[in-house]
Amino acid sequence: MKIILGNSHPQSLFAQRIEALSRQKLFACYQCGKCSSGCPMAESMDLLPNRVIREAQLNNEPALMSCRAVWFCSSCFACAVRCPKGIDIARIMEAVRTLQMMDGKSITEKPSCEDNGTLPQIALISHFRKFNM
Amino acid sequence: MPPVKRKLFNLDQYQVPRGKVQIISERCKGCSLCLEYCPNKVLAWSTDYNFKGYRYPVLEETEEKYCISCRFCEEVCPDFAIYVTTELTAKPQSTQGK
Amino acid sequence: MTRLGVFICHCGKNIARTVDTEALREKAATLPHVVLAKDYLYLCSKPGQTMIADDIREHHLDRVLVAACSPRLHGKTFAQTAQRAGLNPYLLDMANIREQCSWVHIDGAEGTEKAFSIIKGGLGRLLYAEPLEPFQSPVTKRVLVIGGGIAGIQAALDIANSGYEVYLVEKLPSLGGHMAQLGETFPTLDCSSCILTPKMVEVSQNEHVHLLSYSEVTGIEGNIGQFQVTVRLRPRYVDETLCTGCGDCVPTCPVVVPNEFDQGLGARKAVYLPFPQAVPAVYTIDWDACLNTDKLIICENCYKNCEAGAINFLMEPQEKMFEVGAVVLATGYELMPVAHIGEYGGDGYEDVIDGLQFERMLSASGPTGGVVRRPSDGRIPQNVVFVQCSGSRDPEHGIPYCSKVCCMYTAKHALLYKHAVPDGQAYVFYIDIRAAGKGHEEFVQKVMSEERILYLRGKVSKIFKSGAKLVVWGADTLSGRQVEIEADLVVLAMAVIPSSGSQKLARTLHIASDLSGFFSEAHPKLRPLESNTDGIFLAGAAQFAKDITDTVSQATGAAGKALSLLANDFIKLEPTISGVEEGLCRGCGLCVSICPFGAVKMLPSTRTGAMVAGINPILCKGCGLCAAGCLSGAITLKGSSFKQIFAQLEEMV
Amino acid sequence: MSEGFRVAYFPGCTLKTDARDFESSALAVARALGIEVAELSRWNCCGTVYSLDAVNLMPRLASVHNLIRAEEEGFSEIMTLCSMCYNTLKQTNNLFTSKNNGLAAINDFLCLKPGYSGRVKIYHFLEFLREKIRPEQVKNLVVSPLDGVAVAPYYGCLLLRPKEIAIDDPEKPEILTPILSALGAKVIDFPLNNECCGAYQTAMHQEAVVRRTYRIINSAQSEGADMIAVSCPLCHYNLSALQGLVRSTHPGLKAMPILYFTEVMARAMGLDYRTGVRVIPQDVAAAEARLRPSPNDPGREAVK
């Protein structure tokens, strides 16, 4: 999909919402990719973390609203401690999750706890709290 | 993680002198000067005693600890009980110095 | 009776657009003491200047106000005009009605009113101006060059070849600096030491060069034209004049330590020549490694074997003092330690090395004889990963700036590795490729296309050991994939930082350094070769990371700056400096601690003998801090006296 | 033994259920070291995860409640065992040390007098051990040293990141090294010891977590580890309970015992702490049993 930038571009509103929710400077990112290099969950992600930031910089709302990668982020902050620009990428992931949830797109999968009675409550509660607010 | 100690690539190009320590145990009166000053700490006390009743130095060489033939023990010994003959040059096993 | 002249510049439309210059002229003409008021299209033009000069003579003007642009731009121009007309240049002042007036106002009436107020203020200030004369100071025709790398060598040669004496001070036992460590140089791949060694020899044999190796500058007093330098010569414990460089001392030396010149990859003895081409070619005893101490001579093996009798364990450090007229700082750089980067293993992995260590491996005279080997087991590495921006462009963990040379030397490393190990694989992780020099981009393109080196656009997140291999976690942001490489060797292009002694030197020399520790230039664009202290010039990586080409250019430039200073017997200094009214000085000494240039000292008064402030006119930069700080108003900044400033304020408000 | 001191202890949900051995071993170790542990008389869920949403304050309430409880009971410090509780409480508390922090809004919302002051300090048990206990004190209490057993401490993410709450260097953690060494263990520093195990993703994206489990255990194993010591019930679950699933794709992976670090301590000190609720796969339990029969081992209670 070609992104048409310019006056018809909707004034980076989506990017601004992400910045407001995460309190991170999206445009400090120079796309070095270090977050993606070390992300433990990136194998399962459809967009690498640096791409998530890039799409936000491009104000590409459709791409981010349908992005599954943010649901694989386990907020381990490996990206944040190593980011050369001090951007907390986990917060940006959370912001995109929040925006997706506000849009009613969140709970498409249920925890698989029914078929695994041994799951400790810490797993259930944290999963619930992280993804179902 | 402690900083790595790298092996030195061209160690084999360097040789160090190797001395053979000769100890005349019966002259020794156990003043310990040689043990104290040996820079490579190749000397140790004997377990038995000489006829004067003193412990005397014995050689304790390992891969890393060998006589480098500085001959300082010769100089400090008040009883001329120790001397060194430089016999061969050895490949250095590891880094040394103070 | 004061006869004032006011000249108002239109600066094309720059001023005239929002300032009614004609009305301004009419109003200015009515001000007290003004005998002539004129406006003109471009006063800085030749006809404009001629007009002013003619009017000064014709109308016997004794003070002139030029209402135009900032004095920073044309202050000198109009001062010269005044001088040509026979008027003391300090009796001509400028009123800036452009930068903060016409440029920032949209409304014409407002602009004109503000311009008038500025002119009134300027006239008030001018009325109390005093004629000043510049003074002179002699120039010692010798130069001190600190640092014996390629920058210092080049600067010293350029100065010496012009017939002036040079003291070249090098901290280490040999000249050469980092360039001597390099294998081949980008983008032409000529052998670094082959092009450097002749210069090292040349500088050491030049009759005008006093080479002080194994020495450090410990003190500098004085000022432009006359610096008194103290150099501490560290004892080599080998007499330079007797040592023949035969090397007979080495085999019997029992102490083996890592060789700094080989970046810790090779060995040397406690008595050593850092590298075969070292200049001066005399041996040095590393007292920290030697078995002997100041109190005890334990080992005399080298002494016994030296037929020239050059070994002297009792050598003492020496101090040498001399005077120079100018200083060239060429203290170079070093690499940020790998230990800084925890996620790359810190300094914990033998097979993670920095760029300079790789250079030593590539160098034919290096510890591996030019063969690329793994430090851990000596094997030829089949997979080599190069990581650019290790510490650079990383304000959170390293340094914020781009180290400038890493893109190029990494490309060169990859190429030389492929030449050495044709069946090996080299990978380069990069964020951006910065190859903005002559032939640089072409070189990188060649490395990519001809050598088939895989460039991966992404920063490495983690390096760790797995068995005998190193695992590199990276990303290829172009394909949007994570990348994992099992490497035999990882070369980190560590950030270029100022050499470790440079902060101490900056304090010794009273010169400024930037946030990163590099010496600050006097102006980033127009005076890049000069420090903020007159007479001290900058060359090479001491000012900022740069490659050999740029270093040599800057060194020659700095030498040129020093030479143009030495071409004068005297230097003219601005008279707009502080002066002390001794009768008012209470001798509190506050000004001494305030002065950032060390220009104020407490001296006994010539009249009363009491301790009063004295200004060294050569060191004083005319910043006015002492005048502002003086509790009894004893200090005046000439050309900006309190009388002048208050008069200006009074007229304006 | 040093003079005793008293600390407020926040257990969290899992330490009262699945991870009871973690709590009981920690309490036994603390008692042996002269630390008086006082459990908060009232506490609720820590929130389990720290919400990264900068705008919404609601997710912080669970943590704040606990902080208020601590102040009510006169404590100025809270000690935690579970890495997740530590992380969540500490991050929430850190929020209140910055300006414009929302503390006033939260206190207004809670309508509690006097509300939370923002002054409670959060510690992890490991920090207590580092700061208040000398390794020799631990060593003195060891009755059956772990001679020869290679223990790999696994820190995961929650104790080390984000860096504002890190109890150690996030890239080179070694806070457990002196303790394990004092027990006589050979400490294995493995490169993935600070990598995330996948955490709560285990509930929904189990296959992704199994991949993590494999990599982490494999890394420790190839460095020669006999067992892994953890500090988080979630890490424990992911590394221990999922090993069977790992072996379906990586049959070569040997069973790796996963113990809480306090269990390792308690065993070496000869303290009885078993509560009998451990849920570990059979083969992991077998590997653990092979590793080192403890003299006063009350027997294995491997379930599943």
# chains A, B, ... in the order shown; residues from 1 in each chain; ligands from 1
call {"tool": "interface_residues", "arguments": {"of": "chain A", "to": "chain D", "cutoff": "7 Å", "atoms": "only C-alpha atoms", "output": "PyMOL selection string"}}
result
chain A and resi 21-23+40+44+74+76-77+80-81+91+94-95+110-113+120-127+130
call {"tool": "write_last_selection", "arguments": {"atoms": "N, CA and C atoms", "output": "JSON list (two decimals), in the first residue's frame"}}
result
[["chain", "number", "residue", "atom", "x", "y", "z"],
["A", 21, "LEU", "N", -0.06, 8.27, 24.98],
["A", 21, "LEU", "CA", -0.28, 7.10, 25.84],
["A", 21, "LEU", "C", 1.03, 6.54, 26.39],
["A", 22, "SER", "N", 2.09, 6.64, 25.61],
["A", 22, "SER", "CA", 3.34, 6.01, 26.03],
["A", 22, "SER", "C", 4.32, 7.01, 26.66],
["A", 23, "ARG", "N", 4.08, 8.28, 26.45],
["A", 23, "ARG", "CA", 5.02, 9.34, 26.85],
["A", 23, "ARG", "C", 6.42, 9.05, 26.34],
["A", 40, "PRO", "N", 12.97, -11.15, 22.57],
["A", 40, "PRO", "CA", 12.83, -12.59, 22.73],
["A", 40, "PRO", "C", 11.59, -13.14, 22.02],
["A", 44, "SER", "N", 7.82, -14.57, 16.83],
["A", 44, "SER", "CA", 6.37, -14.74, 16.67],
["A", 44, "SER", "C", 5.69, -13.48, 16.16],
["A", 74, "SER", "N", 6.19, -9.26, 25.77],
["A", 74, "SER", "CA", 5.97, -9.64, 27.16],
["A", 74, "SER", "C", 6.55, -8.61, 28.12],
["A", 76, "CYS", "N", 9.45, -7.31, 28.63],
["A", 76, "CYS", "CA", 10.66, -7.70, 29.37],
["A", 76, "CYS", "C", 11.69, -6.59, 29.38],
["A", 77, "PHE", "N", 11.46, -5.54, 28.59],
["A", 77, "PHE", "CA", 12.30, -4.34, 28.58],
["A", 77, "PHE", "C", 13.72, -4.58, 28.08],
["A", 80, "ALA", "N", 14.23, -1.76, 25.85],
["A", 80, "ALA", "CA", 14.34, -0.44, 26.50],
["A", 80, "ALA", "C", 15.73, -0.23, 27.09],
["A", 81, "VAL", "N", 16.29, -1.26, 27.75],
["A", 81, "VAL", "CA", 17.60, -1.02, 28.37],
["A", 81, "VAL", "C", 18.70, -0.88, 27.33],
["A", 91, "ARG", "N", 6.60, 0.47, 26.17],
["A", 91, "ARG", "CA", 5.48, 1.38, 26.39],
["A", 91, "ARG", "C", 4.76, 1.70, 25.08],
["A", 94, "GLU", "N", 2.60, -1.20, 24.39],
["A", 94, "GLU", "CA", 1.41, -1.14, 25.23],
["A", 94, "GLU", "C", 0.41, -0.11, 24.70],
["A", 95, "ALA", "N", 0.94, 1.01, 24.21],
["A", 95, "ALA", "CA", 0.06, 2.06, 23.68],
["A", 95, "ALA", "C", -0.71, 1.54, 22.48],
["A", 110, "LYS", "N", -8.65, -16.59, 23.59],
["A", 110, "LYS", "CA", -8.83, -16.77, 25.03],
["A", 110, "LYS", "C", -7.63, -17.52, 25.58],
["A", 111, "PRO", "N", -7.28, -17.25, 26.81],
["A", 111, "PRO", "CA", -6.20, -18.02, 27.41],
["A", 111, "PRO", "C", -6.51, -19.51, 27.35],
["A", 112, "SER", "N", -5.46, -20.29, 27.17],
["A", 112, "SER", "CA", -5.67, -21.72, 27.00],
["A", 112, "SER", "C", -5.72, -22.43, 28.36],
["A", 113, "CYS", "N", -6.18, -21.70, 29.39],
["A", 113, "CYS", "CA", -6.10, -22.26, 30.73],
["A", 113, "CYS", "C", -7.05, -23.43, 30.96],
["A", 120, "PRO", "N", -0.10, -21.57, 36.80],
["A", 120, "PRO", "CA", -0.16, -20.85, 38.08],
["A", 120, "PRO", "C", -0.96, -19.57, 37.94],
["A", 121, "GLN", "N", -1.54, -19.14, 39.07],
["A", 121, "GLN", "CA", -2.40, -17.96, 38.97],
["A", 121, "GLN", "C", -1.64, -16.72, 38.53],
["A", 122, "ILE", "N", -0.37, -16.68, 38.84],
["A", 122, "ILE", "CA", 0.42, -15.51, 38.42],
["A", 122, "ILE", "C", 0.38, -15.37, 36.90],
["A", 123, "ALA", "N", 0.37, -16.51, 36.20],
["A", 123, "ALA", "CA", 0.31, -16.47, 34.74],
["A", 123, "ALA", "C", -1.06, -16.00, 34.28],
["A", 124, "LEU", "N", -2.08, -16.54, 34.89],
["A", 124, "LEU", "CA", -3.44, -16.19, 34.49],
["A", 124, "LEU", "C", -3.74, -14.73, 34.76],
["A", 125, "ILE", "N", -3.41, -14.29, 35.97],
["A", 125, "ILE", "CA", -3.78, -12.93, 36.34],
["A", 125, "ILE", "C", -2.98, -11.92, 35.52],
["A", 126, "SER", "N", -1.68, -12.18, 35.38],
["A", 126, "SER", "CA", -0.89, -11.21, 34.63],
["A", 126, "SER", "C", -1.33, -11.17, 33.17],
["A", 127, "HIS", "N", -1.63, -12.32, 32.64],
["A", 127, "HIS", "CA", -2.11, -12.35, 31.27],
["A", 127, "HIS", "C", -3.41, -11.58, 31.14],
["A", 130, "LYS", "N", -2.81, -7.85, 31.58],
["A", 130, "LYS", "CA", -2.04, -7.22, 30.52],
["A", 130, "LYS", "C", -2.89, -7.05, 29.26]]
call {"tool": "interface_residues", "arguments": {"of": "chain B", "to": "chain C", "cutoff": "12 Å", "atoms": "only C-alpha atoms", "output": "ChimeraX atom specification"}}
result
/B:1-19,34,36-40,65-76,86-98
call {"tool": "select_by_dssp", "arguments": {"residues": "region 465-541 of chain C", "states": "strand (DSSP E)", "output": "PyMOL selection string"}}
result
chain C and resi 465-466+469-476+481-487+489-494+496-498+536-538
call {"tool": "residues_around", "arguments": {"residues": "Ala628 (chain C)", "least_positions_apart": "6", "cutoff": "12 Å", "atoms": "only C-alpha atoms", "output": "list in words"}}
result
Ser578, Leu590, Cys591, Ile594, Cys595, Gly622, Ala634, Ile635, Thr636, Leu637, Ser640, Ser641, Phe642 and Ile645 of chain C
call {"tool": "write_last_selection", "arguments": {"atoms": "all heavy atoms", "output": "tab-separated table (two decimals), in the first residue's frame"}}
result
chain	number	residue	atom	x	y	z
C	578	SER	N	40.81	44.92	30.33
C	578	SER	CA	40.53	45.51	31.64
C	578	SER	C	41.71	46.36	32.11
C	578	SER	O	42.86	46.09	31.79
C	578	SER	CB	40.28	44.42	32.66
C	578	SER	OG	39.09	43.77	32.35
C	590	LEU	N	39.14	39.07	44.61
C	590	LEU	CA	37.98	38.40	44.00
C	590	LEU	C	38.18	38.23	42.49
C	590	LEU	O	37.87	37.19	41.91
C	590	LEU	CB	36.72	39.21	44.30
C	590	LEU	CG	35.39	38.61	43.85
C	590	LEU	CD1	35.15	37.29	44.57
C	590	LEU	CD2	34.24	39.58	44.12
C	591	CYS	N	38.73	39.30	41.87
C	591	CYS	CA	38.92	39.28	40.42
C	591	CYS	C	39.85	38.15	39.99
C	591	CYS	O	39.68	37.57	38.92
C	591	CYS	CB	39.47	40.62	39.95
C	591	CYS	SG	40.82	41.22	40.97
C	594	ILE	N	37.86	35.14	39.71
C	594	ILE	CA	36.83	35.25	38.68
C	594	ILE	C	37.41	35.01	37.29
C	594	ILE	O	36.81	34.35	36.45
C	594	ILE	CB	36.15	36.65	38.74
C	594	ILE	CG1	35.23	36.74	39.96
C	594	ILE	CG2	35.38	36.92	37.47
C	594	ILE	CD1	34.61	38.10	40.15
C	595	CYS	N	38.61	35.53	37.05
C	595	CYS	CA	39.15	35.54	35.68
C	595	CYS	C	39.34	34.13	35.14
C	595	CYS	O	40.07	33.32	35.72
C	595	CYS	CB	40.49	36.28	35.64
C	595	CYS	SG	41.19	36.28	33.98
C	622	GLY	N	39.37	40.61	27.55
C	622	GLY	CA	38.38	41.68	27.51
C	622	GLY	C	36.96	41.20	27.71
C	622	GLY	O	36.01	41.76	27.17
C	634	ALA	N	36.92	49.23	40.88
C	634	ALA	CA	38.28	49.65	40.53
C	634	ALA	C	38.67	49.19	39.13
C	634	ALA	O	39.59	49.72	38.55
C	634	ALA	CB	39.27	49.08	41.55
C	635	ILE	N	37.96	48.19	38.63
C	635	ILE	CA	38.35	47.65	37.33
C	635	ILE	C	37.40	48.17	36.25
C	635	ILE	O	36.18	48.21	36.43
C	635	ILE	CB	38.35	46.11	37.33
C	635	ILE	CG1	39.26	45.59	38.45
C	635	ILE	CG2	38.79	45.56	35.99
C	635	ILE	CD1	39.42	44.10	38.50
C	636	THR	N	37.97	48.61	35.17
C	636	THR	CA	37.18	49.12	34.05
C	636	THR	C	37.56	48.32	32.81
C	636	THR	O	38.73	48.01	32.61
C	636	THR	CB	37.54	50.60	33.78
C	636	THR	OG1	37.38	51.30	34.99
C	636	THR	CG2	36.65	51.18	32.71
C	637	LEU	N	36.56	48.00	32.02
C	637	LEU	CA	36.85	47.37	30.74
C	637	LEU	C	36.97	48.49	29.72
C	637	LEU	O	36.01	49.21	29.43
C	637	LEU	CB	35.71	46.41	30.37
C	637	LEU	CG	35.92	45.63	29.08
C	637	LEU	CD1	37.18	44.78	29.17
C	637	LEU	CD2	34.72	44.77	28.79
C	640	SER	N	34.44	49.76	27.04
C	640	SER	CA	33.08	49.52	27.54
C	640	SER	C	33.03	49.92	29.02
C	640	SER	O	32.65	49.14	29.86
C	640	SER	CB	32.69	48.05	27.41
C	640	SER	OG	32.77	47.63	26.09
C	641	SER	N	33.44	51.16	29.29
C	641	SER	CA	33.50	51.59	30.69
C	641	SER	C	32.09	51.73	31.24
C	641	SER	O	31.11	51.79	30.49
C	641	SER	CB	34.22	52.93	30.79
C	641	SER	OG	33.45	53.91	30.13
C	642	PHE	N	32.01	51.74	32.55
C	642	PHE	CA	30.70	51.91	33.19
C	642	PHE	C	30.04	53.20	32.74
C	642	PHE	O	28.84	53.26	32.50
C	642	PHE	CB	30.84	51.89	34.72
C	642	PHE	CG	31.13	50.51	35.23
C	642	PHE	CD1	32.33	50.21	35.85
C	642	PHE	CD2	30.19	49.50	35.08
C	642	PHE	CE1	32.59	48.94	36.32
C	642	PHE	CE2	30.44	48.22	35.55
C	642	PHE	CZ	31.65	47.94	36.17
C	645	ILE	N	28.51	52.63	29.41
C	645	ILE	CA	27.34	51.75	29.42
C	645	ILE	C	26.13	52.45	30.05
C	645	ILE	O	25.02	52.40	29.53
C	645	ILE	CB	27.67	50.44	30.17
C	645	ILE	CG1	28.62	49.62	29.28
C	645	ILE	CG2	26.41	49.64	30.46
C	645	ILE	CD1	29.27	48.47	29.97
call {"tool": "interface_residues", "arguments": {"of": "chain D", "to": "chain B", "cutoff": "12 Å", "atoms": "only C-alpha atoms", "output": "ChimeraX atom specification"}}
result
/D:169,171-174,177,188-191
call {"tool": "select_by_dssp", "arguments": {"residues": "region 401-533 of chain C", "states": "alpha helix (DSSP H)", "output": "JSON, numbers by chain"}}
result
{"C": [406, 407, 408, 409, 410, 411, 412, 413, 414, 415, 416, 417, 418, 419, 420, 440, 441, 442, 443, 444, 445, 446, 447, 448, 449, 450, 502, 503, 504, 505, 506, 507, 508, 509]}
call {"tool": "residues_around", "arguments": {"residues": "region 437-448 of chain C", "least_positions_apart": "4", "cutoff": "6 Å", "atoms": "only C-alpha atoms", "output": "list in words"}}
result
Pro187, Ala411, Leu415, Arg452 and Ile453 of chain C
call {"tool": "atom_distance", "arguments": {"atom1": "CA of Ala278 (chain C)", "atom2": "CA of Ala326 (chain C)"}}
result
27.3 Å
call {"tool": "interface_residues", "arguments": {"of": "chain C", "to": "chain D", "cutoff": "10 Å", "atoms": "only C-alpha atoms", "output": "mmCIF file with all heavy atoms, in the first residue's frame"}}
result
data_model
loop_
_atom_site.group_PDB
_atom_site.id
_atom_site.type_symbol
_atom_site.label_atom_id
_atom_site.label_comp_id
_atom_site.auth_asym_id
_atom_site.auth_seq_id
_atom_site.Cartn_x
_atom_site.Cartn_y
_atom_site.Cartn_z
ATOM 1 N N ILE C 341 30.524 -2.017 26.924
ATOM 2 C CA ILE C 341 29.299 -2.523 26.313
ATOM 3 C C ILE C 341 28.979 -3.890 26.882
ATOM 4 O O ILE C 341 29.461 -4.912 26.398
ATOM 5 C CB ILE C 341 29.416 -2.539 24.779
ATOM 6 C CG1 ILE C 341 29.902 -1.173 24.313
ATOM 7 C CG2 ILE C 341 28.066 -2.867 24.162
ATOM 8 C CD1 ILE C 341 29.785 -0.920 22.862
ATOM 9 N N GLY C 342 28.186 -3.892 27.928
ATOM 10 C CA GLY C 342 27.854 -5.120 28.643
ATOM 11 C C GLY C 342 27.162 -6.133 27.766
ATOM 12 O O GLY C 342 27.423 -7.337 27.861
ATOM 13 N N GLU C 343 26.255 -5.680 26.911
ATOM 14 C CA GLU C 343 25.489 -6.633 26.098
ATOM 15 C C GLU C 343 26.348 -7.313 25.040
ATOM 16 O O GLU C 343 25.941 -8.308 24.457
ATOM 17 C CB GLU C 343 24.257 -5.972 25.478
ATOM 18 C CG GLU C 343 24.526 -4.832 24.521
ATOM 19 C CD GLU C 343 24.497 -3.472 25.196
ATOM 20 O OE1 GLU C 343 24.939 -3.365 26.361
ATOM 21 O OE2 GLU C 343 24.040 -2.501 24.563
ATOM 22 N N TYR C 344 27.540 -6.755 24.777
ATOM 23 C CA TYR C 344 28.454 -7.440 23.868
ATOM 24 C C TYR C 344 29.497 -8.233 24.667
ATOM 25 O O TYR C 344 30.578 -8.549 24.180
ATOM 26 C CB TYR C 344 29.162 -6.441 22.937
ATOM 27 C CG TYR C 344 28.233 -5.702 21.980
ATOM 28 C CD1 TYR C 344 28.696 -4.669 21.177
ATOM 29 C CD2 TYR C 344 26.885 -6.046 21.874
ATOM 30 C CE1 TYR C 344 27.852 -3.984 20.306
ATOM 31 C CE2 TYR C 344 26.038 -5.361 21.014
ATOM 32 C CZ TYR C 344 26.524 -4.329 20.240
ATOM 33 O OH TYR C 344 25.692 -3.652 19.391
ATOM 34 N N GLY C 345 29.172 -8.510 25.905
ATOM 35 C CA GLY C 345 30.074 -9.320 26.724
ATOM 36 C C GLY C 345 31.093 -8.529 27.501
ATOM 37 O O GLY C 345 31.961 -9.094 28.151
ATOM 38 N N GLY C 346 30.982 -7.189 27.434
ATOM 39 C CA GLY C 346 31.990 -6.372 28.107
ATOM 40 C C GLY C 346 33.350 -6.736 27.537
ATOM 41 O O GLY C 346 33.502 -6.892 26.332
ATOM 42 N N LYS C 462 22.975 -8.307 21.159
ATOM 43 C CA LYS C 462 23.650 -9.115 22.168
ATOM 44 C C LYS C 462 24.665 -10.024 21.497
ATOM 45 O O LYS C 462 24.418 -10.529 20.399
ATOM 46 C CB LYS C 462 22.610 -9.943 22.931
ATOM 47 C CG LYS C 462 23.172 -10.772 24.077
ATOM 48 C CD LYS C 462 22.044 -11.258 24.980
ATOM 49 C CE LYS C 462 22.574 -12.184 26.060
ATOM 50 N NZ LYS C 462 21.924 -11.989 27.339
ATOM 51 N N ILE C 463 25.790 -10.198 22.168
ATOM 52 C CA ILE C 463 26.803 -11.150 21.709
ATOM 53 C C ILE C 463 27.142 -12.036 22.888
ATOM 54 O O ILE C 463 27.372 -11.538 23.993
ATOM 55 C CB ILE C 463 28.073 -10.422 21.220
ATOM 56 C CG1 ILE C 463 27.752 -9.536 20.018
ATOM 57 C CG2 ILE C 463 29.163 -11.427 20.856
ATOM 58 C CD1 ILE C 463 28.868 -8.595 19.637
ATOM 59 N N PHE C 464 27.122 -13.344 22.685
ATOM 60 C CA PHE C 464 27.498 -14.223 23.784
ATOM 61 C C PHE C 464 28.166 -15.477 23.247
ATOM 62 O O PHE C 464 28.130 -15.763 22.046
ATOM 63 C CB PHE C 464 26.292 -14.578 24.652
ATOM 64 C CG PHE C 464 25.167 -15.252 23.910
ATOM 65 C CD1 PHE C 464 25.105 -16.633 23.814
ATOM 66 C CD2 PHE C 464 24.172 -14.501 23.310
ATOM 67 C CE1 PHE C 464 24.062 -17.253 23.142
ATOM 68 C CE2 PHE C 464 23.130 -15.100 22.632
ATOM 69 C CZ PHE C 464 23.070 -16.486 22.539
ATOM 70 N N LYS C 465 28.793 -16.186 24.169
ATOM 71 C CA LYS C 465 29.576 -17.343 23.775
ATOM 72 C C LYS C 465 28.727 -18.596 23.858
ATOM 73 O O LYS C 465 27.931 -18.768 24.788
ATOM 74 C CB LYS C 465 30.770 -17.474 24.701
ATOM 75 C CG LYS C 465 31.955 -18.033 23.984
ATOM 76 C CD LYS C 465 33.203 -17.955 24.799
ATOM 77 C CE LYS C 465 34.178 -18.929 24.155
ATOM 78 N NZ LYS C 465 35.347 -19.161 24.921
ATOM 79 N N SER C 466 28.867 -19.439 22.861
ATOM 80 C CA SER C 466 28.187 -20.720 22.895
ATOM 81 C C SER C 466 29.192 -21.737 22.390
ATOM 82 O O SER C 466 29.504 -21.783 21.206
ATOM 83 C CB SER C 466 26.949 -20.659 22.007
ATOM 84 O OG SER C 466 26.376 -21.939 21.918
ATOM 85 N N GLY C 467 29.734 -22.515 23.292
ATOM 86 C CA GLY C 467 30.811 -23.414 22.919
ATOM 87 C C GLY C 467 32.017 -22.608 22.483
ATOM 88 O O GLY C 467 32.393 -21.642 23.137
ATOM 89 N N VAL C 471 27.781 -16.157 19.498
ATOM 90 C CA VAL C 471 26.479 -15.983 18.880
ATOM 91 C C VAL C 471 26.168 -14.486 18.842
ATOM 92 O O VAL C 471 26.284 -13.796 19.851
ATOM 93 C CB VAL C 471 25.384 -16.731 19.655
ATOM 94 C CG1 VAL C 471 24.034 -16.519 19.001
ATOM 95 C CG2 VAL C 471 25.711 -18.216 19.713
#
call {"tool": "interface_residues", "arguments": {"of": "chain A", "to": "chain C", "cutoff": "9 Å", "atoms": "only C-alpha atoms", "output": "number ranges by chain"}}
result
A: 30-39, 42-43, 47-48, 50-51, 78-79, 81-86
call {"tool": "residues_around", "arguments": {"residues": "Glu71 (chain D)", "least_positions_apart": "5", "cutoff": "12 Å", "atoms": "only C-alpha atoms", "output": "PDB file with C-alpha atoms, in the first residue's frame"}}
result
ATOM      1  CA  ALA D   8       7.716  -6.322  56.262  1.00  0.00           C
ATOM      2  CA  LEU D  40       1.684  -7.740  56.076  1.00  0.00           C
ATOM      3  CA  SER D  41      -1.473  -8.570  57.950  1.00  0.00           C
ATOM      4  CA  ARG D  42      -3.565  -7.281  55.068  1.00  0.00           C
ATOM      5  CA  TRP D  43      -2.501  -7.385  51.495  1.00  0.00           C
ATOM      6  CA  VAL D  64      -0.994   1.460  45.929  1.00  0.00           C
ATOM      7  CA  HIS D  65      -3.365  -0.365  48.252  1.00  0.00           C
ATOM      8  CA  ASN D  66      -0.515  -2.553  49.411  1.00  0.00           C
ATOM      9  CA  SER D  76       8.732   2.032  55.662  1.00  0.00           C
ATOM     10  CA  GLU D  77      10.096  -0.865  53.635  1.00  0.00           C
ATOM     11  CA  ILE D  78       8.542  -3.884  51.988  1.00  0.00           C
ATOM     12  CA  LYS D 113      -7.105   9.673  54.902  1.00  0.00           C
ATOM     13  CA  PRO D 114      -4.207  10.247  54.998  1.00  0.00           C
ATOM     14  CA  GLY D 115      -3.675   8.391  51.707  1.00  0.00           C
ATOM     15  CA  TYR D 116      -0.329   7.146  50.473  1.00  0.00           C
ATOM     16  CA  SER D 117       2.715   9.277  51.252  1.00  0.00           C
ATOM     17  CA  GLY D 118       4.897   7.906  48.470  1.00  0.00           C
ATOM     18  CA  ARG D 119       7.686   7.098  50.911  1.00  0.00           C
ATOM     19  CA  VAL D 120       7.672   3.307  51.256  1.00  0.00           C
ATOM     20  CA  LYS D 121      10.709   1.556  49.835  1.00  0.00           C
TER      21      LYS D 121
END
call {"tool": "residues_around", "arguments": {"residues": "region 61-65 of chain C", "least_positions_apart": "4", "cutoff": "8 Å", "atoms": "only C-alpha atoms", "output": "PyMOL selection string"}}
result
chain C and resi 2-7+35+55-57+87+91-95+119+122-123+126-127
